[in-house]
>>> print(open('my_file.cif').read())   # mmCIF, C-alpha atoms
data_my_file
#
loop_
_atom_site.label_atom_id
_atom_site.label_comp_id
_atom_site.auth_asym_id
_atom_site.auth_seq_id
_atom_site.Cartn_x
_atom_site.Cartn_y
_atom_site.Cartn_z
CA ARG A 1 3.14 31.29 21.06
CA THR A 2 6.06 28.96 20.27
CA ALA A 3 5.58 26.72 17.26
CA PRO A 4 5.64 22.97 17.99
CA GLU A 5 8.97 21.25 17.51
CA PRO A 6 9.25 19.20 14.29
CA ARG A 7 9.93 16.09 16.39
CA LEU A 8 6.65 16.48 18.29
CA LEU A 9 4.73 17.03 15.07
CA CYS A 10 6.27 13.86 13.60
CA ILE A 11 5.30 11.89 16.72
CA ARG A 12 1.75 13.22 16.36
CA THR A 13 1.69 12.30 12.66
CA ASN A 14 2.88 8.78 13.37
CA ALA A 15 0.16 8.34 16.01
CA LEU A 16 -2.53 9.61 13.63
CA LEU A 17 -1.35 7.26 10.88
CA ARG A 18 -1.42 4.25 13.18
CA ALA A 19 -4.86 5.22 14.48
CA GLY A 20 -6.19 5.37 10.93
CA ASP A 21 -6.96 9.13 10.97
CA LEU A 22 -5.43 9.44 7.54
CA THR A 23 -6.60 12.92 6.49
CA GLN A 24 -5.43 14.43 9.77
CA ALA A 25 -2.17 12.49 9.48
CA ARG A 26 -1.53 13.98 6.06
CA GLU A 27 -2.19 17.51 7.31
CA SER A 28 0.07 16.89 10.30
CA ALA A 29 2.84 15.56 8.06
CA TYR A 30 2.76 18.71 5.91
CA ALA A 31 2.87 20.87 9.06
CA ALA A 32 5.81 18.86 10.38
CA ALA A 33 7.69 19.24 7.11
CA ALA A 34 7.11 23.00 7.04
CA ARG A 35 8.30 23.34 10.64
CA ALA A 36 11.36 21.16 9.98
CA ARG A 37 12.33 23.36 7.03
CA GLU A 38 11.99 26.48 9.19
CA ALA A 39 14.12 24.90 11.91
CA GLY A 40 16.71 23.54 9.45
CA ASP A 41 16.19 20.05 10.90
CA GLY A 42 17.11 17.68 8.08
CA GLY A 43 16.39 14.50 10.01
CA MET A 44 12.88 15.52 10.95
CA LEU A 45 12.26 16.82 7.42
CA HIS A 46 13.06 13.35 6.10
CA ASN A 47 10.66 11.78 8.60
CA ALA A 48 7.87 14.27 7.91
CA LEU A 49 8.13 13.87 4.16
CA THR A 50 8.12 10.08 4.55
CA PHE A 51 4.90 10.35 6.55
CA GLN A 52 3.47 12.50 3.74
CA VAL A 53 4.13 9.68 1.29
CA MET A 54 2.63 7.06 3.57
CA SER A 55 -0.51 9.04 4.32
CA GLU A 56 -1.07 9.85 0.64
CA ILE A 57 -0.66 6.22 -0.41
CA GLN A 58 -3.08 5.16 2.32
CA LEU A 59 -5.54 7.77 1.01
CA GLY A 60 -5.10 6.61 -2.59
CA LEU A 61 -3.52 9.93 -3.66
CA LEU A 62 -0.79 8.30 -5.71
CA ARG A 63 0.23 11.29 -7.84
CA GLU A 64 0.54 13.40 -4.70
CA ALA A 65 2.48 10.58 -3.02
CA HIS A 66 4.90 10.50 -5.94
CA ALA A 67 5.51 14.25 -5.66
CA SER A 68 6.12 13.85 -1.92
CA ALA A 69 8.51 10.94 -2.55
CA MET A 70 10.42 13.14 -4.99
CA ASP A 71 10.71 15.70 -2.17
CA VAL A 72 12.11 12.97 0.10
CA GLU A 73 14.75 12.17 -2.53
CA ALA A 74 15.64 15.85 -2.95
CA ALA A 75 15.94 16.31 0.81
CA ALA A 76 18.19 13.24 1.06
CA GLY A 77 20.64 14.76 -1.43
CA ALA A 78 22.88 12.99 -3.90
CA ALA A 79 25.42 11.75 -1.34
CA LEU A 80 25.38 8.08 -0.42
CA SER A 81 23.40 7.62 2.79
CA GLY A 82 20.72 5.58 4.49
CA ASP A 83 18.25 8.41 3.88
CA ARG A 84 18.93 8.19 0.14
CA VAL A 85 18.31 4.43 0.13
CA GLU A 86 15.06 5.05 1.98
CA ALA A 87 14.03 7.75 -0.50
CA LEU A 88 14.68 5.48 -3.47
CA GLY A 89 12.64 2.74 -1.81
CA LEU A 90 9.70 5.11 -1.29
CA LEU A 91 9.81 6.19 -4.93
CA ALA A 92 9.94 2.56 -6.06
CA TRP A 93 6.89 1.78 -3.92
CA VAL A 94 4.80 4.58 -5.40
CA GLU A 95 5.93 3.88 -8.95
CA ALA A 96 5.07 0.20 -8.54
CA LEU A 97 1.53 1.19 -7.55
CA LEU A 98 1.37 3.56 -10.52
CA GLY A 99 2.60 0.81 -12.84
CA ASP A 100 5.62 2.84 -13.99
CA GLU A 101 7.85 -0.17 -14.59
CA ALA A 102 10.89 1.56 -16.10
CA SER A 103 11.20 4.14 -13.32
CA CYS A 104 10.43 1.61 -10.60
CA ARG A 105 13.11 -0.80 -11.80
CA SER A 106 15.60 2.07 -11.99
CA ARG A 107 14.86 3.07 -8.37
CA ILE A 108 15.14 -0.54 -7.17
CA ALA A 109 18.50 -0.98 -8.88
CA ALA A 110 19.82 2.30 -7.48
CA ALA A 111 18.61 1.48 -3.97
CA LEU A 112 20.16 -1.99 -4.02
CA ALA A 113 23.46 -0.61 -5.32
CA ALA A 114 23.52 2.10 -2.65
CA ALA A 115 22.64 -0.40 0.09
CA ALA A 116 25.46 -2.67 -1.04
CA ASP A 117 27.94 0.23 -1.04
CA LEU A 118 26.85 1.14 2.49
CA GLY A 119 27.08 -2.45 3.68
CA PHE A 120 23.34 -2.78 4.34
CA THR A 121 21.57 -6.11 4.20
CA PRO A 122 19.49 -5.91 0.98
CA TRP A 123 15.91 -4.94 1.76
CA GLY A 124 12.94 -7.09 0.79
CA GLY A 125 11.21 -6.94 -2.55
CA MET A 126 8.00 -5.09 -1.80
CA ALA A 127 8.16 -2.71 -4.76
CA ALA A 128 9.39 -5.44 -7.09
CA GLY A 129 6.58 -7.71 -5.92
CA LEU A 130 3.89 -5.07 -6.40
CA LEU A 131 5.26 -4.27 -9.85
CA ALA A 132 5.26 -7.94 -10.87
CA LEU A 133 1.71 -8.37 -9.57
CA ALA A 134 0.46 -5.38 -11.58
CA ALA A 135 2.15 -6.77 -14.69
CA GLY A 136 0.62 -10.23 -14.27
CA ARG A 137 3.91 -11.96 -13.42
CA TYR A 138 2.43 -13.80 -10.48
CA ASP A 139 5.17 -16.32 -9.75
CA GLU A 140 7.71 -13.51 -9.68
CA ALA A 141 5.44 -11.48 -7.40
CA VAL A 142 5.17 -14.39 -4.96
CA GLU A 143 8.95 -14.79 -4.91
CA HIS A 144 9.57 -11.14 -4.06
CA LEU A 145 6.76 -10.78 -1.54
CA GLU A 146 7.54 -14.03 0.27
CA ALA A 147 11.12 -12.77 0.59
CA LYS A 148 9.76 -9.54 2.06
CA LEU A 149 7.62 -11.53 4.51
CA SER A 150 10.49 -13.76 5.59
CA GLY A 151 10.97 -13.54 9.36
CA LYS A 152 7.81 -11.47 9.88
CA SER A 153 4.35 -12.52 10.98
CA PRO A 154 1.64 -12.24 8.32
CA LEU A 155 -0.31 -9.96 10.67
CA ALA A 156 2.60 -7.52 10.91
CA ALA A 157 2.68 -7.39 7.11
CA ALA A 158 -1.08 -6.80 6.98
CA LEU A 159 -1.21 -4.01 9.57
CA ALA A 160 2.09 -2.25 8.85
CA LEU A 161 2.29 1.35 7.65
CA ARG A 162 3.60 -0.20 4.41
CA PRO A 163 1.22 -3.18 4.10
CA PHE A 164 1.79 -5.83 1.45
CA LEU A 165 0.12 -9.00 2.75
CA ASP A 166 -2.89 -8.47 0.48
CA ALA A 167 -0.62 -8.36 -2.56
CA LEU A 168 1.01 -11.62 -1.53
CA VAL A 169 -2.40 -13.28 -1.08
CA GLU A 170 -3.48 -12.09 -4.53
CA ALA A 171 -0.23 -13.26 -6.14
CA CYS A 172 -0.56 -16.66 -4.46
CA GLU A 173 -4.17 -17.07 -5.54
CA ARG A 174 -3.49 -16.00 -9.12
CA SER A 175 -0.48 -18.32 -9.40
CA GLY A 176 -2.40 -21.36 -8.17
CA ARG A 177 -1.04 -21.41 -4.62
CA HIS A 178 -4.54 -21.61 -3.14
CA ARG A 179 -3.60 -23.29 0.12
CA ARG A 180 -0.90 -20.73 0.86
CA ALA A 181 -3.33 -17.88 0.14
CA GLN A 182 -5.91 -19.41 2.48
CA GLU A 183 -3.31 -19.86 5.23
CA LEU A 184 -2.34 -16.19 5.03
CA VAL A 185 -5.96 -15.04 5.14
CA ALA A 186 -6.69 -17.26 8.15
CA ALA A 187 -3.68 -15.78 9.96
CA VAL A 188 -4.84 -12.17 9.64
CA PHE A 189 -8.59 -11.95 9.04
CA GLU A 190 -10.00 -11.82 12.58
CA ALA A 191 -7.31 -9.49 13.93
CA SER A 192 -7.64 -7.16 10.94
CA VAL A 193 -11.41 -6.89 11.39
CA ALA A 194 -10.95 -6.35 15.12
CA THR A 195 -9.01 -3.12 14.45
CA SER A 196 -12.28 -1.53 13.22
CA GLN A 197 -10.15 0.59 10.86
CA PRO A 198 -11.81 0.62 7.41
CA ARG A 199 -8.46 0.35 5.60
CA TYR A 200 -7.70 -2.95 7.35
CA VAL A 201 -11.24 -4.32 7.42
CA ALA A 202 -11.79 -3.63 3.71
CA ILE A 203 -8.62 -5.47 2.76
CA ALA A 204 -9.43 -8.37 5.10
CA PHE A 205 -12.79 -8.94 3.41
CA ARG A 206 -11.22 -8.50 -0.04
CA ILE A 207 -8.59 -11.16 0.46
CA ARG A 208 -11.08 -13.55 2.05
CA ALA A 209 -13.43 -13.00 -0.88
CA LEU A 210 -10.54 -13.68 -3.25
CA THR A 211 -9.76 -17.03 -1.65
CA ALA A 212 -13.31 -18.13 -0.72
CA GLY A 213 -15.24 -16.64 -3.65
CA GLU A 214 -18.07 -15.29 -1.49
CA PRO A 215 -19.83 -12.27 -3.07
CA ALA A 216 -20.98 -11.19 0.40
CA ASP A 217 -17.34 -10.64 1.39
CA PHE A 218 -16.79 -8.40 -1.63
CA GLU A 219 -19.88 -6.41 -0.64
CA SER A 220 -18.59 -6.10 2.93
CA ALA A 221 -15.27 -4.87 1.56
CA LEU A 222 -17.00 -2.24 -0.58
CA GLU A 223 -18.97 -1.02 2.43
CA GLN A 224 -15.69 -0.47 4.27
CA HIS A 225 -14.20 1.25 1.23
CA ARG A 226 -16.93 3.87 1.44
CA ALA A 227 -15.72 4.73 4.93
CA TRP A 228 -12.05 4.57 3.93
CA GLY A 229 -12.28 6.73 0.81
CA ASN A 230 -9.24 5.28 -0.99
CA HIS A 231 -10.50 5.04 -4.58
CA PHE A 232 -7.39 3.22 -5.82
CA GLU A 233 -7.83 0.37 -3.34
CA GLU A 234 -11.57 0.35 -4.00
CA GLY A 235 -10.73 -0.09 -7.67
CA ARG A 236 -8.59 -3.11 -6.84
CA THR A 237 -11.50 -4.65 -4.93
CA ARG A 238 -13.98 -3.96 -7.71
CA LEU A 239 -11.60 -5.44 -10.28
CA LEU A 240 -11.40 -8.70 -8.33
CA TYR A 241 -15.15 -8.67 -7.72
CA GLY A 242 -15.85 -8.10 -11.41
CA GLU A 243 -13.58 -10.98 -12.37
CA ALA A 244 -15.36 -13.26 -9.89
CA LEU A 245 -18.78 -12.23 -11.23
CA ARG A 246 -17.64 -12.86 -14.78
CA ARG A 247 -16.49 -16.37 -13.85
CA ALA A 248 -19.93 -16.93 -12.31
CA LYS A 249 -21.54 -15.88 -15.64
CA ARG A 250 -23.10 -12.79 -14.02
CA ARG A 251 -21.95 -10.68 -16.93
CA LYS A 252 -24.06 -7.54 -16.43
CA GLU A 253 -22.99 -7.19 -12.79
CA ALA A 254 -19.39 -7.98 -13.78
CA ARG A 255 -19.37 -5.16 -16.36
CA GLU A 256 -20.66 -2.71 -13.76
CA GLN A 257 -17.89 -3.58 -11.30
CA LEU A 258 -15.16 -3.57 -13.95
CA SER A 259 -16.31 -0.24 -15.37
CA THR A 260 -16.31 1.34 -11.92
CA ALA A 261 -12.86 -0.10 -11.25
CA ARG A 262 -11.55 1.41 -14.49
CA SER A 263 -12.88 4.81 -13.47
CA ALA A 264 -11.28 4.51 -10.04
CA PHE A 265 -7.88 3.71 -11.52
CA ALA A 266 -8.15 6.61 -13.95
#
>>> encode(input="my_file.cif", output="structure tokens")
Amino acid sequence: RTAPEPRLLCIRTNALLRAGDLTQARESAYAAAARAREAGDGGMLHNALTFQVMSEIQLGLLREAHASAMDVEAAAGAALSGDRVEALGLLAWVEALLGDEASCRSRIAAALAAAADLGFTPWGGMAAGLLALAAGRYDEAVEHLEAKLSGKSPLAAALALRPFLDALVEACERSGRHRRAQELVAAVFEASVATSQPRYVAIAFRIRALTAGEPADFESALEQHRAWGNHFEEGRTRLLYGEALRRAKRRKEAREQLSTARSAFA
């Protein structure tokens, strides 16, 4: 029996990712990468490894995603190319989520320099925005993430394979831009819930809870997290929930949520 072509495996992986079948997508991405190596197909190897990174981030497997992103960089080689810029961007994304500021900034600088040398239009500041948000530099996070959103619909940013709308909502809310945060939530909430994909529904309820302060929305988000299985993103939700409970003087419940969030991040 002839093994599937790497291209067909990548198409299958992309479809699984978009359908929200994240575990199957990850397995398919690894199969595609193995087949691409066997076939000596560098272009499909780059695509397959990129899908590995995306599926692992969506599953909350950040250490595994970082290893996969390193493989993307190795496959791209040291020569100046679009694939190398892409690889550096993937590494910056994962390292921003991991909070590795020094490495993330180094990747961003290298990617921007390479893009300039190739004559690319500089790409948006997703990794820089996520890094600033994690570090508590909320105005800076808004600046980068609004630049990334420029020209796109909020819904596209919420439902993309590299979503960042939730980070922009959080940065807006934490920096006092309450109206802007509410506008973004209103633009995406119903459509996100209508997907019935736990990864999108959980985030929709989280960002609405963040802007409206309704504990029921946090509970709805946590219910979706149980179906999603991404412990990192669940930790982000519990952190915000714990902070909201603490502001409401519900200290015992706040400690429970914050403790669980700490465990999830660890």
>>> residues_around(input="my_file.cif", residues="region 28-35 of chain A", least_positions_apart="3", cutoff="6 Å", atoms="only C-alpha atoms", output="PyMOL selection string")
chain A and resi 6+9-10+13+25+38+45+48+51-52
>>> atom_distance(input="my_file.cif", atom1="CA of Val201 (chain A)", atom2="CA of Ser220 (chain A)")
8.8 Å
>>> resolve_selection(input="my_file.cif", expression="the PyMOL selection byres ((chain A and resi 17) around 12)", output="MDAnalysis selection string")
chainID A and resid 10:16 18:29 48 50:59 159:162 197 199
>>> residues_near_point(input="my_file.cif", point="(11.6, -11.1, -8.7)", cutoff="7 Å", atoms="only C-alpha atoms", output="ChimeraX atom specification")
/A:128-129,140-141,143-144
>>> residues_around(input="my_file.cif", residues="region 82-91 of chain A", least_positions_apart="4", cutoff="7 Å", atoms="only C-alpha atoms", output="PyMOL selection string")
chain A and resi 66+69-70+72-73+76-77+95+107-108+111+114-115
>>> atom_distance(input="my_file.cif", atom1="CA of Thr237 (chain A)", atom2="CA of Glu219 (chain A)")
9.6 Å
>>> residues_around(input="my_file.cif", residues="region 145-150 of chain A", least_positions_apart="4", cutoff="8 Å", atoms="all atoms listed in the file", output="CSV table (one decimal) with C-alpha atoms, in the coordinates of the input")
chain,number,residue,atom,x,y,z
A,123,TRP,CA,15.9,-4.9,1.8
A,124,GLY,CA,12.9,-7.1,0.8
A,125,GLY,CA,11.2,-6.9,-2.6
A,126,MET,CA,8.0,-5.1,-1.8
A,129,GLY,CA,6.6,-7.7,-5.9
A,141,ALA,CA,5.4,-11.5,-7.4
A,154,PRO,CA,1.6,-12.2,8.3
A,157,ALA,CA,2.7,-7.4,7.1
A,164,PHE,CA,1.8,-5.8,1.4
A,167,ALA,CA,-0.6,-8.4,-2.6
A,168,LEU,CA,1.0,-11.6,-1.5
>>> atom_distance(input="my_file.cif", atom1="CA of Ala187 (chain A)", atom2="CA of Ala202 (chain A)")
15.9 Å
>>> residues_around(input="my_file.cif", residues="Leu210 (chain A)", least_positions_apart="6", cutoff="8 Å", atoms="only C-alpha atoms", output="count of residues only")
3
>>> decode(input="my_file.cif", residues="region 206-245 of chain A", atoms="N, CA and C atoms", output="PDB file, in the first residue's frame")
ATOM      1  N   ARG A 206     -14.902  33.533  28.743  1.00  0.00           N
ATOM      2  CA  ARG A 206     -13.872  34.167  29.584  1.00  0.00           C
ATOM      3  C   ARG A 206     -13.795  35.661  29.328  1.00  0.00           C
ATOM      4  N   ILE A 207     -13.781  36.055  28.073  1.00  0.00           N
ATOM      5  CA  ILE A 207     -13.615  37.485  27.810  1.00  0.00           C
ATOM      6  C   ILE A 207     -14.896  38.250  28.148  1.00  0.00           C
ATOM      7  N   ARG A 208     -16.063  37.598  28.026  1.00  0.00           N
ATOM      8  CA  ARG A 208     -17.275  38.287  28.458  1.00  0.00           C
ATOM      9  C   ARG A 208     -17.293  38.427  29.974  1.00  0.00           C
ATOM     10  N   ALA A 209     -16.857  37.387  30.677  1.00  0.00           N
ATOM     11  CA  ALA A 209     -16.778  37.472  32.135  1.00  0.00           C
ATOM     12  C   ALA A 209     -15.816  38.573  32.563  1.00  0.00           C
ATOM     13  N   LEU A 210     -14.715  38.710  31.828  1.00  0.00           N
ATOM     14  CA  LEU A 210     -13.717  39.725  32.162  1.00  0.00           C
ATOM     15  C   LEU A 210     -14.291  41.132  32.042  1.00  0.00           C
ATOM     16  N   THR A 211     -15.129  41.345  31.031  1.00  0.00           N
ATOM     17  CA  THR A 211     -15.663  42.694  30.810  1.00  0.00           C
ATOM     18  C   THR A 211     -16.950  42.954  31.578  1.00  0.00           C
ATOM     19  N   ALA A 212     -17.736  41.889  31.829  1.00  0.00           N
ATOM     20  CA  ALA A 212     -19.038  42.070  32.493  1.00  0.00           C
ATOM     21  C   ALA A 212     -19.004  41.710  33.974  1.00  0.00           C
ATOM     22  N   GLY A 213     -18.002  40.925  34.381  1.00  0.00           N
ATOM     23  CA  GLY A 213     -17.859  40.574  35.792  1.00  0.00           C
ATOM     24  C   GLY A 213     -18.879  39.582  36.303  1.00  0.00           C
ATOM     25  N   GLU A 214     -19.434  38.757  35.398  1.00  0.00           N
ATOM     26  CA  GLU A 214     -20.454  37.788  35.817  1.00  0.00           C
ATOM     27  C   GLU A 214     -19.804  36.448  36.175  1.00  0.00           C
ATOM     28  N   PRO A 215     -19.879  36.015  37.441  1.00  0.00           N
ATOM     29  CA  PRO A 215     -19.309  34.716  37.816  1.00  0.00           C
ATOM     30  C   PRO A 215     -19.860  33.557  36.991  1.00  0.00           C
ATOM     31  N   ALA A 216     -21.127  33.647  36.575  1.00  0.00           N
ATOM     32  CA  ALA A 216     -21.725  32.564  35.786  1.00  0.00           C
ATOM     33  C   ALA A 216     -20.977  32.367  34.472  1.00  0.00           C
ATOM     34  N   ASP A 217     -20.470  33.447  33.898  1.00  0.00           N
ATOM     35  CA  ASP A 217     -19.707  33.323  32.650  1.00  0.00           C
ATOM     36  C   ASP A 217     -18.378  32.620  32.889  1.00  0.00           C
ATOM     37  N   PHE A 218     -17.738  32.898  34.015  1.00  0.00           N
ATOM     38  CA  PHE A 218     -16.509  32.173  34.347  1.00  0.00           C
ATOM     39  C   PHE A 218     -16.801  30.685  34.519  1.00  0.00           C
ATOM     40  N   GLU A 219     -17.912  30.369  35.170  1.00  0.00           N
ATOM     41  CA  GLU A 219     -18.270  28.960  35.359  1.00  0.00           C
ATOM     42  C   GLU A 219     -18.567  28.287  34.019  1.00  0.00           C
ATOM     43  N   SER A 220     -19.225  28.999  33.119  1.00  0.00           N
ATOM     44  CA  SER A 220     -19.484  28.456  31.784  1.00  0.00           C
ATOM     45  C   SER A 220     -18.172  28.214  31.038  1.00  0.00           C
ATOM     46  N   ALA A 221     -17.241  29.143  31.202  1.00  0.00           N
ATOM     47  CA  ALA A 221     -15.930  28.968  30.566  1.00  0.00           C
ATOM     48  C   ALA A 221     -15.223  27.726  31.096  1.00  0.00           C
ATOM     49  N   LEU A 222     -15.266  27.530  32.409  1.00  0.00           N
ATOM     50  CA  LEU A 222     -14.594  26.373  33.010  1.00  0.00           C
ATOM     51  C   LEU A 222     -15.234  25.059  32.565  1.00  0.00           C
ATOM     52  N   GLU A 223     -16.526  25.069  32.358  1.00  0.00           N
ATOM     53  CA  GLU A 223     -17.202  23.877  31.849  1.00  0.00           C
ATOM     54  C   GLU A 223     -16.684  23.519  30.454  1.00  0.00           C
ATOM     55  N   GLN A 224     -16.485  24.539  29.633  1.00  0.00           N
ATOM     56  CA  GLN A 224     -15.942  24.307  28.296  1.00  0.00           C
ATOM     57  C   GLN A 224     -14.476  23.878  28.344  1.00  0.00           C
ATOM     58  N   HIS A 225     -13.748  24.406  29.304  1.00  0.00           N
ATOM     59  CA  HIS A 225     -12.344  24.005  29.461  1.00  0.00           C
ATOM     60  C   HIS A 225     -12.220  22.509  29.734  1.00  0.00           C
ATOM     61  N   ARG A 226     -13.165  21.967  30.483  1.00  0.00           N
ATOM     62  CA  ARG A 226     -13.119  20.530  30.765  1.00  0.00           C
ATOM     63  C   ARG A 226     -13.226  19.709  29.484  1.00  0.00           C
ATOM     64  N   ALA A 227     -13.992  20.208  28.527  1.00  0.00           N
ATOM     65  CA  ALA A 227     -14.092  19.517  27.242  1.00  0.00           C
ATOM     66  C   ALA A 227     -12.879  19.783  26.361  1.00  0.00           C
ATOM     67  N   TRP A 228     -12.294  20.961  26.495  1.00  0.00           N
ATOM     68  CA  TRP A 228     -11.136  21.344  25.674  1.00  0.00           C
ATOM     69  C   TRP A 228      -9.884  20.606  26.132  1.00  0.00           C
ATOM     70  N   GLY A 229      -9.587  20.660  27.426  1.00  0.00           N
ATOM     71  CA  GLY A 229      -8.427  19.965  27.958  1.00  0.00           C
ATOM     72  C   GLY A 229      -7.129  20.740  27.912  1.00  0.00           C
ATOM     73  N   ASN A 230      -7.172  22.029  27.574  1.00  0.00           N
ATOM     74  CA  ASN A 230      -5.965  22.856  27.538  1.00  0.00           C
ATOM     75  C   ASN A 230      -5.765  23.463  28.929  1.00  0.00           C
ATOM     76  N   HIS A 231      -4.857  22.891  29.703  1.00  0.00           N
ATOM     77  CA  HIS A 231      -4.682  23.311  31.099  1.00  0.00           C
ATOM     78  C   HIS A 231      -4.078  24.714  31.204  1.00  0.00           C
ATOM     79  N   PHE A 232      -3.253  25.091  30.230  1.00  0.00           N
ATOM     80  CA  PHE A 232      -2.676  26.439  30.251  1.00  0.00           C
ATOM     81  C   PHE A 232      -3.774  27.491  30.127  1.00  0.00           C
ATOM     82  N   GLU A 233      -4.652  27.319  29.139  1.00  0.00           N
ATOM     83  CA  GLU A 233      -5.732  28.294  28.962  1.00  0.00           C
ATOM     84  C   GLU A 233      -6.730  28.231  30.121  1.00  0.00           C
ATOM     85  N   GLU A 234      -6.948  27.057  30.664  1.00  0.00           N
ATOM     86  CA  GLU A 234      -7.799  26.954  31.855  1.00  0.00           C
ATOM     87  C   GLU A 234      -7.182  27.738  33.011  1.00  0.00           C
ATOM     88  N   GLY A 235      -5.863  27.670  33.124  1.00  0.00           N
ATOM     89  CA  GLY A 235      -5.179  28.441  34.158  1.00  0.00           C
ATOM     90  C   GLY A 235      -5.390  29.933  33.988  1.00  0.00           C
ATOM     91  N   ARG A 236      -5.376  30.399  32.745  1.00  0.00           N
ATOM     92  CA  ARG A 236      -5.608  31.825  32.491  1.00  0.00           C
ATOM     93  C   ARG A 236      -7.020  32.220  32.932  1.00  0.00           C
ATOM     94  N   THR A 237      -7.987  31.351  32.650  1.00  0.00           N
ATOM     95  CA  THR A 237      -9.366  31.638  33.062  1.00  0.00           C
ATOM     96  C   THR A 237      -9.490  31.648  34.576  1.00  0.00           C
ATOM     97  N   ARG A 238      -8.896  30.666  35.227  1.00  0.00           N
ATOM     98  CA  ARG A 238      -8.986  30.606  36.694  1.00  0.00           C
ATOM     99  C   ARG A 238      -8.266  31.782  37.350  1.00  0.00           C
ATOM    100  N   LEU A 239      -7.183  32.240  36.748  1.00  0.00           N
ATOM    101  CA  LEU A 239      -6.492  33.419  37.285  1.00  0.00           C
ATOM    102  C   LEU A 239      -7.411  34.631  37.268  1.00  0.00           C
ATOM    103  N   LEU A 240      -8.066  34.866  36.132  1.00  0.00           N
ATOM    104  CA  LEU A 240      -8.980  36.004  36.033  1.00  0.00           C
ATOM    105  C   LEU A 240     -10.181  35.843  36.970  1.00  0.00           C
ATOM    106  N   TYR A 241     -10.674  34.617  37.082  1.00  0.00           N
ATOM    107  CA  TYR A 241     -11.804  34.339  37.968  1.00  0.00           C
ATOM    108  C   TYR A 241     -11.385  34.595  39.422  1.00  0.00           C
ATOM    109  N   GLY A 242     -10.238  34.125  39.789  1.00  0.00           N
ATOM    110  CA  GLY A 242      -9.750  34.329  41.150  1.00  0.00           C
ATOM    111  C   GLY A 242      -9.585  35.800  41.479  1.00  0.00           C
ATOM    112  N   GLU A 243      -9.083  36.565  40.532  1.00  0.00           N
ATOM    113  CA  GLU A 243      -8.928  38.000  40.754  1.00  0.00           C
ATOM    114  C   GLU A 243     -10.290  38.672  40.937  1.00  0.00           C
ATOM    115  N   ALA A 244     -11.276  38.240  40.127  1.00  0.00           N
ATOM    116  CA  ALA A 244     -12.621  38.810  40.248  1.00  0.00           C
ATOM    117  C   ALA A 244     -13.247  38.458  41.591  1.00  0.00           C
ATOM    118  N   LEU A 245     -13.059  37.224  42.045  1.00  0.00           N
ATOM    119  CA  LEU A 245     -13.592  36.803  43.343  1.00  0.00           C
ATOM    120  C   LEU A 245     -12.922  37.568  44.487  1.00  0.00           C
TER     121      LEU A 245
END
